[in-house]
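Asker: Contents of run05.tsv (TSV, C-alpha atoms):
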```tsv
chain	number	residue	atom	x	y	z
M	359	MET	CA	86.74	82.44	106.50
M	360	GLU	CA	83.54	80.52	106.82
M	361	GLY	CA	81.32	80.06	103.80
M	362	THR	CA	77.86	80.85	105.17
M	363	VAL	CA	75.15	82.19	102.90
M	364	GLU	CA	73.23	85.08	104.42
M	365	THR	CA	69.55	85.49	103.61
M	366	ILE	CA	67.87	88.81	102.80
M	367	GLU	CA	65.98	88.51	106.08
M	368	GLY	CA	69.26	88.05	107.96
M	369	LYS	CA	70.84	91.07	106.27
M	370	THR	CA	67.76	93.17	107.04
M	371	ALA	CA	67.73	92.10	110.69
M	372	LYS	CA	71.46	92.81	110.99
M	373	THR	CA	70.93	96.31	109.56
M	374	ILE	CA	67.92	97.10	111.74
M	375	LEU	CA	69.57	95.79	114.90
M	376	GLN	CA	72.87	97.43	113.89
M	377	GLN	CA	74.79	94.24	114.54
M	378	GLU	CA	78.49	94.33	113.89
M	379	GLU	CA	79.74	92.48	110.85
M	380	THR	CA	82.37	89.85	111.61
M	381	VAL	CA	84.74	87.81	109.46
M	382	VAL	CA	86.79	84.74	110.29
M	383	ILE	CA	90.30	84.52	108.84
M	384	GLY	CA	92.67	81.77	109.82
M	385	GLY	CA	90.46	80.74	112.73
M	386	LYS	CA	90.38	84.25	114.23
M	387	THR	CA	87.25	86.39	114.27
M	388	TYR	CA	87.59	90.06	113.37
M	389	LYS	CA	84.97	92.74	113.92
M	390	VAL	CA	84.54	94.74	110.73
M	391	ALA	CA	84.79	98.48	111.19
M	392	PRO	CA	81.70	100.51	110.31
M	393	PRO	CA	81.87	102.16	106.88
M	394	SER	CA	83.54	105.55	106.70
M	395	ILE	CA	84.74	107.82	103.93
M	396	ALA	CA	88.29	107.66	105.29
M	397	THR	CA	88.19	103.86	104.96
M	398	LEU	CA	86.99	104.17	101.35
M	399	ILE	CA	89.84	106.60	100.61
M	400	LEU	CA	92.43	104.20	102.05
M	401	ALA	CA	90.92	101.29	100.11
M	402	SER	CA	90.95	103.38	96.93
M	403	GLU	CA	94.65	104.12	97.42
M	404	ALA	CA	95.31	100.39	97.77
M	405	VAL	CA	93.23	99.63	94.65
M	406	SER	CA	95.50	101.94	92.68
M	407	LYS	CA	98.35	99.48	93.44
M	408	LEU	CA	96.62	96.73	91.46
M	409	PRO	CA	97.97	96.12	87.96
M	410	THR	CA	96.15	97.55	84.97
M	411	VAL	CA	95.62	94.76	82.47
M	412	ASN	CA	93.46	93.73	79.56
M	413	LEU	CA	93.00	90.00	79.96
M	414	ASP	CA	92.85	87.95	76.81
M	415	ASN	CA	89.81	85.67	77.14
M	416	ASP	CA	91.52	83.01	75.04
M	417	ASN	CA	94.47	82.81	77.43
M	418	ILE	CA	92.86	83.75	80.77
M	419	VAL	CA	94.71	81.19	82.93
M	420	ALA	CA	98.20	82.19	81.80
M	421	GLU	CA	97.45	85.90	82.03
M	422	SER	CA	95.86	85.53	85.48
M	423	LEU	CA	98.93	83.70	86.72
M	424	TYR	CA	101.16	86.35	85.15
M	425	ILE	CA	99.49	89.24	87.04
M	426	ALA	CA	99.05	87.31	90.33
M	427	LYS	CA	102.50	88.45	91.50
M	428	ASP	CA	101.27	92.05	91.42
M	429	CYS	CA	98.06	91.44	93.37
M	430	LYS	CA	99.31	91.67	96.96
M	431	ALA	CA	97.14	94.77	97.21
M	432	LEU	CA	94.07	92.50	97.45
M	433	GLY	CA	95.10	91.50	100.97
M	434	GLU	CA	95.73	95.13	101.84
M	435	ILE	CA	92.32	96.19	100.51
M	436	LEU	CA	90.53	93.59	102.62
M	437	ALA	CA	92.61	94.44	105.70
M	438	ILE	CA	91.67	98.11	105.28
M	439	LEU	CA	87.96	97.27	104.94
M	440	ILE	CA	88.10	95.03	108.02
M	441	LEU	CA	90.16	97.28	110.30
M	442	GLY	CA	88.84	100.62	109.08
M	443	ALA	CA	90.61	103.96	108.91
M	444	LYS	CA	90.16	104.72	112.62
M	445	LYS	CA	92.28	101.73	113.62
M	446	ILE	CA	94.83	102.23	110.86
M	447	LEU	CA	95.36	105.98	111.18
M	448	ARG	CA	95.68	106.26	114.97
M	449	GLY	CA	97.95	109.12	115.96
M	450	LYS	CA	100.65	107.99	118.41
M	451	ILE	CA	100.50	104.33	117.53
M	452	PHE	CA	100.39	104.80	113.76
M	453	PHE	CA	103.32	102.47	113.09
M	454	TRP	CA	101.79	99.70	115.23
M	455	SER	CA	98.44	100.10	113.44
M	456	LYS	CA	100.12	100.03	110.04
M	457	TRP	CA	102.00	96.89	111.10
M	458	GLN	CA	98.69	95.34	112.24
M	459	LYS	CA	97.21	96.08	108.78
M	460	THR	CA	100.24	94.51	107.09
M	461	LEU	CA	99.98	91.39	109.27
M	462	LEU	CA	96.26	91.01	108.55
M	463	ALA	CA	96.82	91.54	104.81
M	464	ASP	CA	99.50	88.84	104.85
M	465	LYS	CA	97.22	86.50	106.80
M	466	ILE	CA	94.38	87.08	104.33
M	467	LEU	CA	96.63	86.19	101.40
M	468	LYS	CA	97.91	83.06	103.12
M	469	GLU	CA	94.68	81.80	104.68
M	470	THR	CA	91.97	82.48	102.12
M	471	SER	CA	91.25	80.86	98.80
M	472	PRO	CA	90.56	83.01	95.71
M	473	LYS	CA	86.86	82.17	96.02
M	474	GLN	CA	86.78	83.16	99.70
M	475	LEU	CA	88.68	86.37	98.99
M	476	ASN	CA	86.20	87.27	96.24
M	477	GLU	CA	83.16	86.53	98.43
M	478	LEU	CA	84.56	88.45	101.39
M	479	LEU	CA	85.49	91.44	99.27
M	480	GLY	CA	82.00	91.47	97.71
M	481	ARG	CA	80.32	91.19	101.11
M	482	LEU	CA	82.36	93.97	102.69
M	483	LEU	CA	82.02	96.30	99.71
M	484	SER	CA	78.24	95.81	99.71
M	485	SER	CA	78.13	96.96	103.34
M	486	MET	CA	80.24	100.07	102.68
M	487	GLU	CA	77.30	102.19	101.47
M	488	LEU	CA	79.07	102.84	98.18
M	489	ALA	CA	75.88	103.98	96.47
M	490	PHE	CA	75.56	106.92	98.87
M	491	PHE	CA	79.24	107.80	98.47
M	492	PHE	CA	78.92	107.59	94.68
M	493	ALA	CA	75.78	109.74	94.62
M	494	THR	CA	77.40	112.39	96.83
M	495	THR	CA	80.61	112.58	94.84
M	496	ILE	CA	78.80	112.65	91.49
M	497	SER	CA	76.50	115.47	92.61
M	498	LEU	CA	79.47	117.48	93.90
M	499	ILE	CA	81.39	116.90	90.67
M	500	GLU	CA	78.37	118.10	88.68
M	501	ILE	CA	78.09	121.21	90.83
M	502	ASN	CA	81.77	121.90	90.29
M	503	LEU	CA	81.40	121.45	86.53
M	504	LEU	CA	78.41	123.80	86.41
M	505	GLN	CA	80.24	126.50	88.36
M	506	ALA	CA	83.23	126.32	86.04
M	507	THR	CA	81.10	126.86	82.92
M	508	ARG	CA	79.05	129.79	84.21
M	509	GLN	CA	80.11	133.13	82.83
M	510	LYS	CA	79.53	136.46	84.45
M	511	ALA	CA	77.15	138.69	82.51
M	512	THR	CA	78.86	141.77	81.17
M	513	THR	CA	77.15	145.08	80.75
M	514	ALA	CA	78.20	147.89	78.48
M	515	SER	CA	79.47	150.94	80.34
M	516	GLY	CA	77.04	153.81	80.65
M	517	ARG	CA	73.96	151.62	80.46
```
Could you render the structure as structure tokens?
Answerer:
Amino acid sequence: MEGTVETIEGKTAKTILQQEETVVIGGKTYKVAPPSIATLILASEAVSKLPTVNLDNDNIVAESLYIAKDCKALGEILAILILGAKKILRGKIFFWSKWQKTLLADKILKETSPKQLNELLGRLLSSMELAFFFATTISLIEINLLQATRQKATTASGR
């Protein structure tokens, strides 16, 4: 992965011109899939595989090393964001697509540094339109909560 810093002007131009996002991992360039809800769902499922921990700030190095063995999901999350749900969930060639995701996840873990992984994850998540997804889900949750608390008005018989 190359460590280029993108300016606001560059990001704006890329958005306006609808240029595809690309990433370089292990010398190979990958086109990043456009954001989709299905991709976010797959990434969310992979995030649930990460360990739940409360890191002790006084012993951060030892605790980070302790949980590192359980963080293979980081490669899977990035592979999902890069490939996208359309490529991963193809019908007849599902097993090949899943294998491709596994290979890319493995390559990400082997070829990227922690700093590169963090930067790439941040860059891809920022392009996933999470704010719109969040706003939509929150508004639907609120609607659902309001419907559950409404009570039907009762009238006395004969009135």
Asker: Provide the atom CA of Ile501 of chain M to atom CA of Ala489 of chain M distance in Å, to one decimal place.
Answerer: 18.3 Å
Asker: Around all the atoms of segment 411-421 of chain M listed in the file, with 3 Å of room on each side, what axis-aligned box do you get, giving centre and edge lengths in Å to one decimal, as lines of an AutoDock Vina configuration file?
Answerer:
```
center_x = 94.0
center_y = 88.0
center_z = 79.0
size_x = 14.4
size_y = 19.6
size_z = 13.9
```
Asker: Enter the distance from atom CA of Ala420 of chain M to atom CA of Val405 of chain M, in Å, rounded to one decimal.
Answerer: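 One can read the atom CA of Ala420 of chain M to atom CA of Val405 of chain M distance as 22.2 Å.
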Asker: Compare M:Lys459, M:Leu408, M:Ile438, M:Arg448 by their minimum atom-to-atom distance to Ile425 of chain M, counting all atoms listed in the file, and give me the closest one.
Answerer: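 Among the listed residues, the smallest separation from Ile425 of chain M belongs to M:Leu408.
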Asker: Let me make sure I understand: among M:Asp428, M:Glu487, M:Glu421, M:Glu434, which one has the smallest atom-to-atom distance to Ala404 of chain M if we use all atoms listed in the file?
Answerer: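 Counting all atoms listed in the file, the residue closest to Ala404 of chain M is M:Glu434.
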Asker: Suppose you want the space between atom CA of Asn476 of chain M and atom CA of Ile496 of chain M; what is it in Å?
Answerer: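 Pair atom CA of Asn476 of chain M / atom CA of Ile496 of chain M returns 26.9 Å.
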Asker: Pick the closest to Ala401 of chain M from M:Leu462, M:Leu475, M:Ile383, M:Met486: which is it, counting all atoms listed in the file?
Answerer: M:Met486
Asker: So, with only C-alpha atoms as the atoms that count, which of M:Leu498, M:Cys429, M:Leu400, M:Thr410 lies closest to Lys444 of chain M?
Answerer: M:Leu400
Asker: Starting from the point (88.4, 82.7, 105.9), work out which residues of protein, DNA or RNA have an atom no more than 12 Å away when counting all atoms listed in the file; state them as a count of residues only.
Answerer: 30
